[in-house]
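Here is target-v1.txt, consisting of compact mmCIF, C-alpha atoms:
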# COMPACT_ATOMS: atom_id res chain seq x y z
CA MET X 73 29.41 -22.74 -3.98
CA SER X 74 27.26 -20.97 -1.41
CA VAL X 75 27.17 -17.22 -0.88
CA SER X 76 25.58 -16.56 2.51
CA ALA X 77 27.47 -13.69 4.09
CA GLU X 78 26.33 -10.11 3.81
CA PRO X 79 28.14 -8.09 1.15
CA THR X 80 31.02 -5.90 2.35
CA SER X 81 29.14 -2.77 1.33
CA VAL X 82 26.58 -3.34 4.07
CA ASP X 83 27.03 -1.06 7.07
CA PRO X 84 28.63 -3.18 9.84
CA ARG X 85 26.65 -1.20 12.42
CA ARG X 86 23.48 -2.94 11.24
CA ASN X 87 23.32 -5.41 14.13
CA GLY X 88 19.61 -6.06 14.34
CA SER X 89 18.46 -2.68 15.60
CA ALA X 90 20.24 -0.09 13.48
CA PRO X 91 18.34 1.08 10.38
CA ALA X 92 19.54 0.80 6.83
CA ASP X 93 20.89 4.11 5.62
CA THR X 94 18.72 5.06 2.66
CA GLY X 95 19.90 8.66 2.59
CA PRO X 96 18.39 11.89 3.88
CA ALA X 97 14.96 12.99 2.82
CA ARG X 98 14.94 15.94 0.46
CA THR X 99 12.69 18.76 1.55
CA ASP X 100 11.32 19.17 -1.98
CA THR X 101 10.42 15.51 -2.46
CA LEU X 102 6.82 15.21 -3.56
CA ARG X 103 6.24 11.85 -1.93
CA PRO X 104 8.99 10.84 0.55
CA HIS X 105 9.44 7.17 1.39
CA ALA X 106 7.79 6.14 4.64
CA GLU X 107 11.10 5.80 6.47
CA HIS X 108 11.86 9.43 5.64
CA ALA X 109 8.41 10.95 6.05
CA PHE X 110 8.00 9.42 9.52
CA ALA X 111 11.65 9.31 10.55
CA ASP X 112 10.98 11.15 13.82
CA GLU X 113 8.28 8.69 14.88
CA LEU X 114 10.45 5.69 13.99
CA ALA X 115 13.36 7.15 15.94
CA ALA X 116 11.15 7.84 18.97
CA LEU X 117 9.81 4.30 18.90
CA ALA X 118 13.31 2.81 18.58
CA ALA X 119 14.56 4.90 21.53
CA GLN X 120 11.82 3.68 23.87
CA ASP X 121 11.41 0.17 22.55
CA ASP X 122 12.82 -2.25 25.12
CA ARG X 123 11.06 -5.37 23.83
CA PRO X 124 12.84 -8.23 22.03
CA ARG X 125 13.57 -7.59 18.36
CA PRO X 126 13.98 -10.30 15.73
CA ALA X 127 17.34 -10.35 13.96
CA ARG X 128 18.02 -7.17 11.96
CA TRP X 129 14.65 -5.63 12.83
CA ARG X 130 14.73 -1.93 13.67
CA LEU X 131 11.83 -2.33 16.10
CA SER X 132 10.13 -5.05 18.09
CA PRO X 133 6.90 -6.49 16.67
CA TRP X 134 4.95 -4.54 19.31
CA ALA X 135 6.58 -1.27 18.22
CA VAL X 136 5.96 -2.03 14.54
CA ALA X 137 2.27 -2.53 15.28
CA THR X 138 2.21 0.69 17.30
CA TYR X 139 3.83 2.54 14.39
CA LEU X 140 1.06 1.37 12.04
CA LEU X 141 -1.90 1.73 14.39
CA GLY X 142 -0.79 4.83 16.30
CA GLY X 143 -0.55 5.60 19.99
CA THR X 144 1.16 7.75 22.60
CA LEU X 145 4.57 6.77 23.94
CA PRO X 146 5.55 7.12 27.63
CA ASP X 147 7.45 10.34 26.88
CA GLY X 148 4.36 11.87 25.28
CA THR X 149 5.38 11.36 21.66
CA VAL X 150 2.29 10.87 19.51
CA ILE X 151 2.52 8.18 16.86
CA THR X 152 0.04 8.91 14.08
CA PRO X 153 -2.03 6.00 12.72
CA LYS X 154 -0.88 4.79 9.31
CA TYR X 155 -3.64 2.20 9.05
CA VAL X 156 -7.16 2.49 10.41
CA GLY X 157 -8.64 -0.97 10.74
CA PRO X 158 -8.79 -4.09 12.94
CA ARG X 159 -5.81 -4.31 15.27
CA ARG X 160 -5.64 -8.09 14.93
CA VAL X 161 -5.07 -7.76 11.17
CA VAL X 162 -1.93 -5.72 11.79
CA GLU X 163 -0.74 -7.99 14.61
CA VAL X 164 -1.04 -11.08 12.41
CA ALA X 165 0.78 -9.34 9.55
CA VAL X 166 3.65 -8.24 11.79
CA THR X 167 3.91 -11.64 13.46
CA THR X 168 4.07 -13.35 10.08
CA LEU X 169 7.13 -11.30 9.15
CA ALA X 170 8.83 -12.52 12.32
CA THR X 171 8.45 -16.14 11.14
CA ASP X 172 9.77 -17.96 8.09
CA ARG X 173 6.48 -17.41 6.22
CA ALA X 174 6.10 -14.69 3.64
CA LEU X 175 3.16 -12.28 3.91
CA LEU X 176 0.44 -11.85 1.28
CA LEU X 177 -1.79 -8.80 1.76
CA LEU X 178 -5.04 -9.50 -0.08
CA GLY X 179 -8.06 -7.30 -0.63
CA VAL X 180 -10.14 -5.34 -3.09
CA PRO X 181 -8.49 -2.34 -4.76
CA GLY X 182 -8.11 0.64 -2.47
CA THR X 183 -7.83 -1.17 0.88
CA ALA X 184 -4.34 0.25 1.58
CA LYS X 185 -2.38 -2.90 0.74
CA THR X 186 0.52 -0.99 -0.82
CA TRP X 187 0.42 1.59 1.97
CA VAL X 188 0.58 -1.08 4.68
CA SER X 189 3.30 -2.97 2.81
CA GLU X 190 5.47 0.14 2.57
CA HIS X 191 5.09 1.04 6.24
CA LEU X 192 5.74 -2.50 7.39
CA ALA X 193 8.99 -2.60 5.43
CA ALA X 194 9.98 0.85 6.71
CA ALA X 195 9.38 -0.11 10.34
CA VAL X 196 10.99 -3.54 10.12
CA SER X 197 14.00 -2.82 7.89
CA GLY X 198 14.23 0.95 7.70
CA ASP X 199 14.02 0.63 3.91
CA SER X 200 10.82 0.30 1.88
CA THR X 201 12.52 0.63 -1.52
CA LEU X 202 13.38 -3.03 -2.23
CA LEU X 203 10.36 -3.23 -4.49
CA VAL X 204 9.29 -5.31 -7.49
CA GLN X 205 6.29 -3.82 -9.29
CA GLY X 206 4.19 -6.58 -10.78
CA THR X 207 2.76 -6.20 -14.29
CA ALA X 208 1.89 -8.51 -17.16
CA GLY X 209 5.36 -7.81 -18.53
CA THR X 210 7.40 -8.38 -15.35
CA PRO X 211 10.29 -10.71 -16.30
CA GLU X 212 11.87 -13.37 -14.12
CA GLU X 213 15.00 -11.20 -13.88
CA ALA X 214 13.04 -8.66 -11.82
CA ILE X 215 12.63 -11.27 -9.08
CA ARG X 216 15.87 -13.25 -9.47
CA TYR X 217 18.72 -11.33 -11.11
CA GLY X 218 19.81 -9.91 -14.44
CA TRP X 219 23.09 -9.21 -16.21
CA ASN X 220 25.16 -6.23 -17.20
CA TYR X 221 25.50 -7.30 -20.82
CA ALA X 222 28.51 -5.13 -21.56
CA ARG X 223 30.47 -6.86 -18.80
CA LEU X 224 28.95 -10.23 -19.66
CA LEU X 225 30.11 -9.99 -23.27
CA ALA X 226 33.51 -8.62 -22.34
CA HIS X 227 34.41 -10.95 -19.48
CA GLY X 228 31.81 -13.71 -19.39
CA PRO X 229 29.57 -14.65 -16.44
CA SER X 230 30.87 -13.27 -13.16
CA ARG X 231 29.62 -11.70 -9.96
CA ASP X 232 30.63 -8.30 -11.32
CA ALA X 233 28.39 -8.80 -14.34
CA LEU X 234 25.40 -9.90 -12.25
CA VAL X 235 22.70 -7.33 -11.49
CA PRO X 236 20.85 -8.32 -8.28
CA SER X 237 17.10 -7.90 -8.04
CA PRO X 238 15.54 -6.18 -5.02
CA VAL X 239 14.64 -9.64 -3.71
CA MET X 240 18.24 -10.88 -4.02
CA ARG X 241 19.49 -7.78 -2.22
CA ALA X 242 16.98 -8.30 0.59
CA MET X 243 18.10 -11.91 0.95
CA ALA X 244 21.79 -10.99 1.13
CA GLU X 245 21.23 -8.13 3.57
CA GLY X 246 18.52 -9.60 5.79
CA ARG X 247 15.86 -7.05 4.89
CA THR X 248 12.25 -6.98 3.73
CA ALA X 249 11.46 -7.18 0.01
CA ARG X 250 8.15 -6.14 -1.49
CA VAL X 251 6.29 -7.48 -4.54
CA GLU X 252 3.32 -5.38 -5.63
CA GLU X 253 0.39 -6.78 -7.63
CA LEU X 254 1.66 -10.37 -7.49
CA THR X 255 -1.31 -11.76 -9.41
CA ARG X 256 -0.56 -9.51 -12.38
CA ILE X 257 2.80 -11.23 -12.87
CA PRO X 258 2.81 -14.19 -15.32
CA ALA X 259 2.39 -17.52 -13.54
CA ASP X 260 5.80 -18.90 -14.56
CA VAL X 261 7.50 -15.77 -13.21
CA GLN X 262 5.49 -15.95 -9.98
CA ASP X 263 6.78 -19.47 -9.41
CA SER X 264 10.38 -18.24 -9.38
CA LEU X 265 9.56 -17.22 -5.80
CA ILE X 266 8.90 -20.79 -4.68
CA THR X 267 12.53 -21.77 -4.08
CA ILE X 268 13.28 -18.39 -2.56
CA LEU X 269 10.45 -18.69 -0.04
CA SER X 270 10.73 -22.38 0.74
CA GLU X 271 14.48 -23.02 0.63
CA LYS X 272 15.50 -19.41 1.42
CA THR X 273 18.06 -19.64 -1.36
CA LEU X 274 18.42 -18.23 -4.86
CA PRO X 275 20.51 -20.41 -7.20
CA ILE X 276 22.82 -18.79 -9.77
CA PRO X 277 23.45 -21.77 -12.10
CA GLU X 278 25.54 -19.70 -14.54
CA LEU X 279 28.15 -19.26 -11.80
CA GLY X 280 27.60 -22.49 -9.89
CA GLN X 281 26.69 -20.39 -6.86
CA GLU X 282 23.70 -19.45 -4.77
CA VAL X 283 22.64 -16.62 -2.51
CA GLN X 284 21.32 -17.79 0.83
CA ALA X 285 18.99 -15.55 2.79
CA VAL X 286 20.41 -14.26 6.04
CA ARG X 287 18.30 -13.82 9.15
CA GLY X 288 15.91 -10.90 8.90
CA PHE X 289 14.90 -11.56 5.31
CA ASN X 290 11.24 -11.81 4.44
CA LEU X 291 8.90 -10.80 1.67
CA ILE X 292 5.60 -8.92 1.51
CA ALA X 293 3.39 -9.36 -1.54
CA THR X 294 0.11 -7.65 -2.37
CA ALA X 295 -2.72 -8.84 -4.59
CA ASN X 296 -6.22 -7.63 -5.41
CA ASP X 297 -9.29 -9.83 -5.04
CA ARG X 298 -10.47 -8.51 -8.39
CA ASP X 299 -7.28 -9.83 -10.03
CA ARG X 300 -7.84 -13.43 -8.93
CA GLY X 301 -8.57 -14.54 -12.49
CA VAL X 302 -5.63 -12.75 -14.11
CA ASN X 303 -2.76 -15.00 -13.01
CA GLU X 304 -4.00 -16.96 -10.04
CA LEU X 305 -1.28 -18.16 -7.69
CA SER X 306 -0.30 -21.81 -7.93
CA SER X 307 -1.12 -23.90 -4.89
CA ALA X 308 2.61 -24.45 -4.34
CA LEU X 309 3.28 -20.71 -4.19
CA ARG X 310 0.20 -19.88 -2.12
CA ARG X 311 1.35 -22.36 0.54
CA ARG X 312 4.51 -20.28 1.00
CA PHE X 313 2.47 -17.27 2.10
CA ASN X 314 0.42 -16.45 5.14
CA THR X 315 -2.53 -14.54 3.68
CA VAL X 316 -3.95 -11.54 5.52
CA VAL X 317 -7.09 -9.97 4.09
CA LEU X 318 -7.37 -6.20 4.46
CA PRO X 319 -11.08 -5.35 4.72
CA LEU X 320 -12.89 -2.26 3.58
CA PRO X 321 -13.59 0.22 6.42
CA GLU X 322 -16.41 -1.15 8.55
CA THR X 323 -18.15 2.14 9.33
CA PRO X 324 -18.64 5.49 7.58
CA GLU X 325 -16.81 7.19 10.45
CA ALA X 326 -13.76 4.97 9.98
CA GLU X 327 -13.68 5.63 6.24
CA LEU X 328 -14.16 9.36 6.78
CA ASP X 329 -11.22 9.33 9.19
CA ILE X 330 -9.01 7.51 6.67
CA VAL X 331 -9.90 9.83 3.80
CA THR X 332 -9.46 12.96 5.90
CA ARG X 333 -6.06 11.89 7.24
CA ARG X 334 -4.67 10.94 3.84
CA VAL X 335 -6.01 14.06 2.14
CA GLU X 336 -4.41 16.19 4.85
CA GLN X 337 -1.06 14.49 4.30
CA ILE X 338 -1.23 14.82 0.53
CA GLY X 339 -2.55 18.36 0.78
CA ARG X 340 0.39 19.50 2.90
CA SER X 341 2.84 18.24 0.28
CA LEU X 342 0.91 20.12 -2.44
CA ASP X 343 0.24 23.30 -0.42
CA LEU X 344 -3.52 22.81 -0.69
CA PRO X 345 -6.12 24.34 1.68
CA ALA X 346 -6.70 22.80 5.09
CA VAL X 347 -9.19 19.94 5.15
CA PRO X 348 -11.40 21.03 8.10
CA ASP X 349 -13.22 23.54 5.90
CA GLY X 350 -14.27 20.71 3.60
CA VAL X 351 -15.25 17.94 6.03
CA ASP X 352 -18.90 18.13 4.99
CA GLU X 353 -18.00 17.50 1.35
CA ILE X 354 -15.67 14.66 2.30
CA ARG X 355 -18.52 13.08 4.23
CA ARG X 356 -20.75 13.35 1.16
CA VAL X 357 -18.16 11.69 -1.08
CA VAL X 358 -17.68 8.87 1.42
CA THR X 359 -21.46 8.42 1.75
CA VAL X 360 -21.98 8.24 -2.03
CA PHE X 361 -19.15 5.76 -2.48
CA ARG X 362 -20.30 3.51 0.37
CA GLU X 363 -23.95 3.48 -0.71
CA LEU X 364 -23.19 2.66 -4.34
CA ARG X 365 -20.54 0.12 -3.31
CA ASP X 366 -22.90 -1.62 -0.84
CA GLY X 367 -25.95 -1.43 -3.10
CA VAL X 368 -28.13 0.12 -0.41
CA THR X 369 -28.61 3.53 1.19
CA ALA X 370 -27.13 4.23 4.62
CA ASP X 371 -30.54 3.91 6.30
CA GLY X 372 -31.11 0.52 4.64
CA ARG X 373 -34.41 1.59 3.09
CA THR X 374 -33.51 1.81 -0.59
CA LYS X 375 -31.72 -0.83 -2.62
CA LEU X 376 -29.40 0.48 -5.29
CA LYS X 377 -27.64 -0.79 -8.39
CA SER X 378 -23.85 -0.82 -8.06
CA PRO X 379 -21.59 0.49 -10.83
CA SER X 380 -18.76 -1.48 -12.39
CA GLY X 381 -15.99 0.39 -10.54
CA THR X 382 -14.73 -0.42 -7.06
CA LEU X 383 -15.40 3.01 -5.52
CA SER X 384 -12.63 2.34 -3.04
CA THR X 385 -11.35 4.46 -0.21
CA ALA X 386 -8.29 5.25 -2.33
CA GLU X 387 -10.55 6.62 -5.08
CA ALA X 388 -12.39 8.76 -2.53
CA ILE X 389 -9.03 10.20 -1.44
CA SER X 390 -8.21 11.00 -5.07
CA VAL X 391 -11.58 12.69 -5.66
CA VAL X 392 -11.26 14.87 -2.55
CA THR X 393 -7.64 15.79 -3.30
CA GLY X 394 -8.63 16.83 -6.81
CA GLY X 395 -11.48 18.86 -5.38
CA LEU X 396 -9.14 20.66 -2.98
CA ALA X 397 -6.88 21.53 -5.90
CA LEU X 398 -9.85 22.99 -7.79
CA ALA X 399 -10.89 24.98 -4.72
CA ALA X 400 -7.35 26.30 -4.26
CA HIS X 401 -6.64 27.30 -7.84
CA PHE X 402 -10.06 28.15 -9.26
CA GLY X 403 -12.18 28.91 -6.18
CA ASP X 404 -12.00 30.58 -2.80
CA GLY X 405 -10.02 27.79 -1.14
CA VAL X 406 -13.06 26.20 0.53
CA LEU X 407 -14.05 22.74 -0.69
CA ARG X 408 -17.59 22.81 -2.09
CA ALA X 409 -19.92 20.46 -3.94
CA GLY X 410 -18.91 21.81 -7.32
CA ASP X 411 -15.29 20.95 -6.64
CA VAL X 412 -15.93 17.24 -6.07
CA ALA X 413 -18.85 16.60 -8.43
CA ALA X 414 -16.78 15.96 -11.56
CA GLY X 415 -14.44 13.65 -9.63
CA VAL X 416 -17.35 11.65 -8.24
CA LEU X 417 -18.85 11.34 -11.71
CA GLY X 418 -15.53 10.13 -13.13
CA ALA X 419 -15.13 7.54 -10.38
CA VAL X 420 -18.67 6.17 -10.71
CA VAL X 421 -19.13 6.20 -14.49
CA ARG X 422 -16.45 3.85 -15.82
CA ASP X 423 -18.74 2.10 -18.29
CA PRO X 424 -20.42 5.00 -20.17
CA ALA X 425 -23.50 2.95 -20.98
CA ALA X 426 -24.34 0.91 -17.89
CA ASP X 427 -22.76 3.08 -15.17
CA ARG X 428 -24.39 6.29 -16.38
CA VAL X 429 -27.82 4.71 -15.89
CA VAL X 430 -26.85 3.63 -12.36
CA TRP X 431 -25.61 7.12 -11.55
CA GLN X 432 -28.68 8.91 -12.91
CA GLU X 433 -31.00 6.62 -10.94
CA TYR X 434 -29.01 7.27 -7.77
CA LEU X 435 -29.10 11.04 -8.29
CA GLU X 436 -32.84 11.13 -8.90
CA THR X 437 -34.00 8.59 -6.31
CA VAL X 438 -31.56 9.31 -3.45
CA VAL X 439 -29.60 12.55 -3.79
CA ARG X 440 -32.39 14.75 -5.12
CA GLY X 441 -34.61 14.35 -2.08
CA ARG X 442 -31.93 14.19 0.61
CA ASP X 443 -32.04 17.07 3.10
CA GLY X 444 -29.13 19.48 2.75
CA TRP X 445 -27.89 17.94 -0.50
CA ALA X 446 -29.51 20.32 -3.00
CA ASP X 447 -26.18 21.96 -3.89
CA PHE X 448 -24.54 18.56 -4.39
CA TYR X 449 -27.42 17.44 -6.62
CA ARG X 450 -27.16 20.57 -8.78
CA ALA X 451 -23.37 20.28 -9.04
CA CYS X 452 -23.56 16.64 -10.11
CA ARG X 453 -26.25 17.40 -12.68
CA GLU X 454 -24.11 20.17 -14.14
CA ALA X 455 -21.01 17.95 -14.17
CA GLY X 456 -22.90 15.30 -16.12
CA ALA X 457 -24.54 17.68 -18.57
Output the structure of this file as structure tokens.
Amino acid sequence: MSVSAEPTSVDPRRNGSAPADTGPARTDTLRPHAEHAFADELAALAAQDDRPRPARWRLSPWAVATYLLGGTLPDGTVITPKYVGPRRVVEVAVTTLATDRALLLLGVPGTAKTWVSEHLAAAVSGDSTLLVQGTAGTPEEAIRYGWNYARLLAHGPSRDALVPSPVMRAMAEGRTARVEELTRIPADVQDSLITILSEKTLPIPELGQEVQAVRGFNLIATANDRDRGVNELSSALRRRFNTVVLPLPETPEAELDIVTRRVEQIGRSLDLPAVPDGVDEIRRVVTVFRELRDGVTADGRTKLKSPSGTLSTAEAISVVTGGLALAAHFGDGVLRAGDVAAGVLGAVVRDPAADRVVWQEYLETVVRGRDGWADFYRACREAGA
């Protein structure tokens, strides 16, 4: 028996351009979903988007790319960039979702894979919440389906007793599912995706039924380069994905822009001071992270040892946000070297033995003699005392 029609609970107005109704955004939500936080931009794009849209997509591929990369619409509406990076990377990712291939976003930790995944799902389906979080303990039921055991014991296997996974729901409703940290999921559980992605069907042998994906369904997975050895994808599963590698920011200016934008967004939700007063400190944090990550100073003159941590853009955002909180609650509201020093130390020194040596050498050979960095040097020395 095949189950291919959309469930009756799905809004019949969803005809390929109407968004899924995921409910209104609460004004006190700490971290709204992308489709709520940027609802005005999505609505403006949908209103002016006259390009062809794949089945059940809220926007055309061009509009989805514009939503992620930013731009100005003909009516003057400004679309803020959600991702700062190569345009072709976003175009390939969006195009993949318009085909029958699933999308794998690959990169080192902190390259905005989860962020891009969420915004892609929000722009395509109007719902970024059909999410499976991958861990070493993720069971097969999280990808396929589970059971309401009270109903199962009382009435036996039935559709009423079945608990659909986010992936099953996305298949039935023609939406985009997300799987985070795919390589952290055990290999046998990963492979439960093979039939879903190749045959676009999910068998339910207990009922003698199956759920067939309707048009509009696709899946976005993320994986870290550093996790390659944890549970490497089988060749059969990897063939079902089109892999897009998200690179680290190419230039200091690009990384500074990313960190500043994200800190501003987070800061507004936490009522923290405005970022412009702390741009100099943000630049210092970005410089330190890039130099230690690259193993060479910005001028290329001094080679450096790199610590064990990734020192990603995401970690820089965390360090600066923490510094702003310190400045707001225990300072004068202006971000200074003393507010970020402890965060930088915590990000760099992950291995107390080896990383501390790397950090001390960097402080003494690079930071100590750098013009205008005396206050940062003192603050870092005090933080490590």
Quiz prompt | Of the listed residues X:Pro236, X:Gly403, X:Pro153, X:Gly394, that which approaches Leu342 of chain X most closely, counting only C-alpha atoms | solution = X:Gly394
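Using all atoms listed in the file, the smallest distance between any of X:Val166, X:Ala425, X:Leu254, X:Ala174 and Arg311 of chain X comes from X:Ala174.
Checking X:Arg312, X:Arg442, X:Arg453, X:Arg159 one by one against Ile268 of chain X, counting all atoms listed in the file, you find the shortest gap at X:Arg312.
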Quiz item: If you count all atoms listed in the file, which residues fall within 8 Å of Ile330 of chain X, apart from same-chain ones fewer than 5 positions away, as JSON, numbers by chain?
Solution: {"X": [155, 156, 385]}
Quiz item: Just how far from atom CA of Met240 of chain X is atom CA of Glu282 of chain X, in Å to one decimal?
Solution: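 Result for atom CA of Glu282 of chain X versus atom CA of Met240 of chain X: 10.2 Å, one decimal.
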Let me have the centre and edge lengths of the axis-aligned box enclosing all listed atoms of segment 160-168 of chain X with 5 Å padding on every side, in Å to one decimal, as AutoDock Vina command-line options.
--center_x -0.8 --center_y -9.5 --center_z 12.2 --size_x 19.7 --size_y 17.6 --size_z 15.4
Quiz prompt | X:Phe402, X:Trp134, X:Trp431, X:Phe313 ranked by distance to Asp172 of chain X, top pick (using all atoms listed in the file) | solution = X:Phe313
Practice problem: Would you kindly return, as an NGL selection string, each protein, DNA or RNA residue with an atom no farther than 9 Å from any atom of Arg247 of chain X, considering only C-alpha atoms and excluding same-chain residues fewer than 3 positions away? | Solution: :X and (92 or 128-129 or 193 or 196-199 or 202 or 241-244 or 286-291)
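Counting from atom CA of Leu274 of chain X, the distance to atom CA of Ala106 of chain X is 28.2 Å.
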Exercise. Would you list the residues near (9.6, -24.3, 3.4) (no more than 9 Å away, in the coordinates of the file, using all atoms listed in the file) as an MDAnalysis selection string?
Key: chainID X and resid 172:173 266:267 269:272 311:312
Exercise. Measure the distance from atom CA of Val261 of chain X to atom CA of Thr186 of chain X in Å and round it to one decimal.
Key: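 About the pair atom CA of Val261 of chain X and atom CA of Thr186 of chain X: they are 20.5 Å apart.
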Quiz item: Within 12 Å of Gly157 of chain X, counting all atoms listed in the file, which residues qualify if same-chain residues fewer than 4 places away don't, as a PyMOL selection string?
Solution: chain X and resi 137+140-142+153+161-163+183-185+188+317-323+325-327+329-330
Exercise. Find the residues around Arg356 of chain X up to 12 Å (all atoms listed in the file counted), leave out those fewer than 6 positions away in its own chain, and share them as a PyMOL selection string.
Key: chain X and resi 324-325+327-328+331+350+362-363+370+388+391-392+407-409+412-413+416+439+442+444-449
Quiz item: Which residue out of X:Asp263, X:Glu454, X:Glu113, X:Glu387 has the minimum interatomic distance to Val335 of chain X when all atoms listed in the file are used?
Solution: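 Closest residue, counting all atoms listed in the file: X:Glu387.
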Quiz item: Hey, which of X:Ser384, X:Gly143, X:Cys452, X:Arg428 ends up closest to Gly410 of chain X? Count only C-alpha atoms.
Solution: X:Cys452
Self-check item: Shell around Ala293 of chain X at 6 Å using all atoms listed in the file, local window under 2 positions removed, as a list in words
Solution: Leu176, Arg250, Val251 and Glu252 of chain X
Can you take the partial segment 200-214 of chain X, add N, CA, C and O atoms, and return it as a compact mmCIF listing (two decimals), in the frame of the given file?
# COMPACT_ATOMS: atom_id res chain seq x y z
N SER X 200 12.00 0.81 2.59
CA SER X 200 10.82 0.30 1.88
C SER X 200 11.03 0.25 0.38
O SER X 200 10.08 0.01 -0.37
N THR X 201 12.26 0.45 -0.08
CA THR X 201 12.52 0.63 -1.52
C THR X 201 12.91 -0.64 -2.25
O THR X 201 13.12 -0.60 -3.47
N LEU X 202 13.03 -1.77 -1.55
CA LEU X 202 13.38 -3.03 -2.23
C LEU X 202 12.10 -3.61 -2.82
O LEU X 202 11.49 -4.54 -2.29
N LEU X 203 11.70 -3.05 -3.95
CA LEU X 203 10.36 -3.23 -4.49
C LEU X 203 10.39 -3.79 -5.90
O LEU X 203 11.15 -3.33 -6.75
N VAL X 204 9.55 -4.79 -6.15
CA VAL X 204 9.29 -5.31 -7.49
C VAL X 204 7.84 -4.96 -7.82
O VAL X 204 6.92 -5.40 -7.12
N GLN X 205 7.64 -4.18 -8.88
CA GLN X 205 6.29 -3.82 -9.29
C GLN X 205 5.77 -4.83 -10.30
O GLN X 205 6.32 -4.99 -11.37
N GLY X 206 4.72 -5.54 -9.92
CA GLY X 206 4.19 -6.58 -10.78
C GLY X 206 3.32 -6.04 -11.90
O GLY X 206 2.43 -5.22 -11.66
N THR X 207 3.58 -6.50 -13.11
CA THR X 207 2.76 -6.20 -14.29
C THR X 207 2.73 -7.44 -15.17
O THR X 207 3.42 -8.42 -14.91
N ALA X 208 1.94 -7.39 -16.23
CA ALA X 208 1.89 -8.51 -17.16
C ALA X 208 3.23 -8.73 -17.84
O ALA X 208 3.49 -9.82 -18.36
N GLY X 209 4.07 -7.69 -17.86
CA GLY X 209 5.36 -7.81 -18.53
C GLY X 209 6.54 -7.98 -17.59
O GLY X 209 7.70 -7.89 -18.03
N THR X 210 6.30 -8.21 -16.31
CA THR X 210 7.40 -8.38 -15.35
C THR X 210 8.19 -9.65 -15.69
O THR X 210 7.62 -10.74 -15.72
N PRO X 211 9.49 -9.52 -15.95
CA PRO X 211 10.29 -10.71 -16.30
C PRO X 211 10.82 -11.41 -15.06
O PRO X 211 10.81 -10.86 -13.95
N GLU X 212 11.31 -12.61 -15.23
CA GLU X 212 11.87 -13.37 -14.12
C GLU X 212 13.08 -12.65 -13.53
O GLU X 212 13.34 -12.76 -12.33
N GLU X 213 13.81 -11.91 -14.36
CA GLU X 213 15.00 -11.20 -13.88
C GLU X 213 14.65 -10.18 -12.80
O GLU X 213 15.48 -9.87 -11.94
N ALA X 214 13.43 -9.65 -12.82
CA ALA X 214 13.04 -8.66 -11.82
C ALA X 214 12.95 -9.27 -10.44
O ALA X 214 13.11 -8.58 -9.43
